[in-house]
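Accompanying notes for the structure given below.
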Amino acid sequence: MLSRTAQIRLMSSHPEVYDPCDDSFALVDALLADRANLVEHHPSICMEVGCGSGYVITSLVLMLGEDSTGCHFIATDINPHAVGVTRKTMEAHGCHAELVTTDIASGLEMRLAGSVDVMVVNPPYVPTPEYEVGQFGIASAWAGGENGRSVIDKILPVADKLLSDKGWLYLVTLTANNPSEICLQMRKKGYASRIVLQRSTEEESLHIIKFWRDLDTQLEPPIPTITPNGSSGGNGFLGGGRNY
Ligand SMILES: C[S@@+](CC[C@H](N)C(=O)[O-])C[C@H]1O[C@@H](n2cnc3c(N)ncnc32)[C@H](O)[C@@H]1O
């Protein structure tokens with residue numbers, strides 16, 4: 001049977017590019033767990049922001065496979081080495097995506113506005129001094145500034161602009177990023193959310209959050225919290241009449 005995720009032995013690498021790690025695996029596991037819904041979703045455009053070595057976008061292409069015929073895949077990274085490594089990784093897997101070196105989606109917004117059906121993001125989320133954010137090379141892979149939110153907070157409005165009416169966003173966050181507050185911020189823009197995967201490693205507690213537009217969401221009562229130990233209060237659903 002063909003593999004549904006990228007193979008580590010086929011991955012390219014570069015000293016200044018983020019190698020697949022616990023967060024990358026958690027995101028791909030969350031996508032795999034949601035694969036049936038993704039196939040049924042019939043996305044026309046799937047996009048990754050911050051593709052690094054290409055593990056996630058390659059896995060997404062592979063897991064949708066023939067079910068994604070006609071779907072256009074796009075991946076961006078601010079680090080040109082990452083785009084080069086992703087290209088090689090994809091070629092080694094016999095996959096293809098449009099790869100763009102850019103800051104989030106700069107230069108693509110006009111073309112993609114309101115048309116991305118699936119967006120996946122494993123952002124730089126590690127709390128660091130603000131001056132470390134946006135450095136060239138490997139530092140741009142993890143430096144997230146205060147609370148690890150600097151890049152995340154720039155990505156969210158771009159995601160809102162690019163996502164289609166039926167668009168889904170899968171975002172990796174850490175407890176330190178205050179995921180409840182991220183969900184609340186997105187809720188004000190009309191998105192419901194759900195933690196689709198929570199995984200604690202020795203170093204961090206990761207949450208993969210799925211967002212989707214839901215008109216009822218802005219009208220709903222307050223949301224559950226995510227506690228410092230990483231567990232979610234309530235049922236992990238933040239608004240929304242429908243559960244994706
Ligand atoms: C944590 S790594 C994730 C890499 C890969 N997606 C994975 O899961 O293995 C974050 C990636 O985001 C990229 N990045 C950081 N800031 C960015 C920005 N403003 N626009 C686009 N990509 C950015 C980094 O270069 C890095 O490749």
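By order in the structure tokens, chains are A, B, ...; within a chain, residues start at 1; ligands start at 1, following the order shown.
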
Per residue of chain A within 8 Å of ligand 1, which atom pair is closest and at what distance in Å (one decimal), using only C-alpha atoms and all ligand atoms, listed by chain and increasing number, as a tab-separated table?
residue	atom	partner	partner_atom_place_in_ligand_line	distance
A:Val17	CA	ligand 1	27 (O)	6.2
A:Tyr18	CA	ligand 1	4 (C)	5.6
A:Asp19	CA	ligand 1	9 (O)	5.8
A:Pro20	CA	ligand 1	9 (O)	4.1
A:Cys21	CA	ligand 1	9 (O)	6.2
A:Asp23	CA	ligand 1	8 (O)	6.2
A:Ser24	CA	ligand 1	8 (O)	3.7
A:Phe25	CA	ligand 1	8 (O)	7.4
A:Leu27	CA	ligand 1	8 (O)	7.2
A:Glu48	CA	ligand 1	6 (N)	7.4
A:Val49	CA	ligand 1	21 (C)	5.6
A:Gly50	CA	ligand 1	12 (O)	3.4
A:Cys51	CA	ligand 1	6 (N)	3.9
A:Gly52	CA	ligand 1	27 (O)	3.3
A:Ser53	CA	ligand 1	5 (C)	6.0
A:Gly54	CA	ligand 1	5 (C)	6.2
A:Tyr55	CA	ligand 1	9 (O)	5.7
A:Val56	CA	ligand 1	8 (O)	5.7
A:Ile57	CA	ligand 1	6 (N)	7.6
A:Thr76	CA	ligand 1	21 (C)	5.8
A:Asp77	CA	ligand 1	22 (N)	3.6
A:Ile78	CA	ligand 1	21 (C)	4.1
A:Asn79	CA	ligand 1	25 (O)	4.7
A:Ala82	CA	ligand 1	27 (O)	5.9
A:Thr101	CA	ligand 1	21 (C)	7.6
A:Thr102	CA	ligand 1	21 (C)	6.0
A:Asp103	CA	ligand 1	20 (N)	3.7
A:Ile104	CA	ligand 1	20 (N)	3.5
A:Ala105	CA	ligand 1	20 (N)	7.0
A:Val121	CA	ligand 1	6 (N)	6.6
A:Asn122	CA	ligand 1	3 (C)	4.9
A:Pro123	CA	ligand 1	10 (C)	4.6
A:Pro124	CA	ligand 1	10 (C)	4.8
A:Tyr125	CA	ligand 1	1 (C)	7.2
A:Val133	CA	ligand 1	16 (N)	7.8
A:Gly134	CA	ligand 1	16 (N)	6.1
A:Phe136	CA	ligand 1	25 (O)	7.9
A:Gly137	CA	ligand 1	25 (O)	7.0
A:Ile138	CA	ligand 1	25 (O)	6.7
A:Ala139	CA	ligand 1	25 (O)	7.7
A:Ser140	CA	ligand 1	15 (C)	4.7
A:Ala141	CA	ligand 1	26 (C)	3.7
A:Trp142	CA	ligand 1	1 (C)	5.3
A:Ala143	CA	ligand 1	15 (C)	7.9
A:Val151	CA	ligand 1	19 (N)	6.2
A:Lys154	CA	ligand 1	19 (N)	7.9
A:Ile155	CA	ligand 1	19 (N)	7.8

key: Residues near Arg213 of chain A, cut-off 10 Å, only C-alpha atoms, skip fewer than 4 positions along chain, as number ranges by chain   = A: 160, 163-169, 186-187, 189-193, 217, 240, 242

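Here atom CA of Val83 of chain A and atom CA of Ala159 of chain A stand 20.0 Å from one another.
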
inquiry  = I'd like the neighbourhood of Ile208 of chain A as JSON, numbers by chain, where a residue qualifies if any of its atoms comes within 7 Å (using only C-alpha atoms), though same-chain residues fewer than 2 positions away should be ignored.
reply    = {"A": [27, 170, 171, 172, 173, 195, 196, 197, 198, 206, 210]}

Could the residues in this selection be saved with C-alpha atoms as a tab-separated table (two decimals), in the first residue's frame?
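Once written, again.tsv looks like this:
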chain	number	residue	atom	x	y	z
A	27	LEU	CA	0.11	18.09	12.85
A	170	TYR	CA	-5.25	23.60	11.28
A	171	LEU	CA	-2.87	25.43	13.61
A	172	VAL	CA	-0.16	24.10	15.94
A	173	THR	CA	0.05	25.92	19.27
A	195	ILE	CA	-8.73	20.91	19.62
A	196	VAL	CA	-8.28	17.94	17.32
A	197	LEU	CA	-5.09	16.69	18.95
A	198	GLN	CA	-3.30	17.37	22.21
A	206	LEU	CA	1.09	20.88	21.88
A	210	LYS	CA	-8.99	23.23	13.79

Per-residue DSSP, segment 35-178 of chain A, filtered to helix (DSSP H, G or I), as an MDAnalysis selection string = chainID A and resid 35:41 55:68 80:92 109:112 130:132 139:142 146:148 150:162 175:177

Among segment 8-76 of chain A, which residues does DSSP mark as strand (DSSP E) when it is run on the backbone? Keep the chain and numbering as in the structure and answer as a compact mmCIF listing (two decimals) with C-alpha atoms, in the first residue's frame.
# COMPACT_ATOMS: atom_id res chain seq x y z
CA ILE A 45 -6.82 24.78 -2.84
CA CYS A 46 -4.73 23.49 0.07
CA MET A 47 -2.02 25.71 1.48
CA GLU A 48 0.76 25.40 4.03
CA VAL A 49 2.34 28.49 5.56
CA HIS A 72 -3.99 22.90 -6.18
CA PHE A 73 -1.38 22.69 -3.39
CA ILE A 74 0.64 25.76 -2.38
CA ALA A 75 3.32 26.11 0.30
CA THR A 76 5.21 29.19 1.43
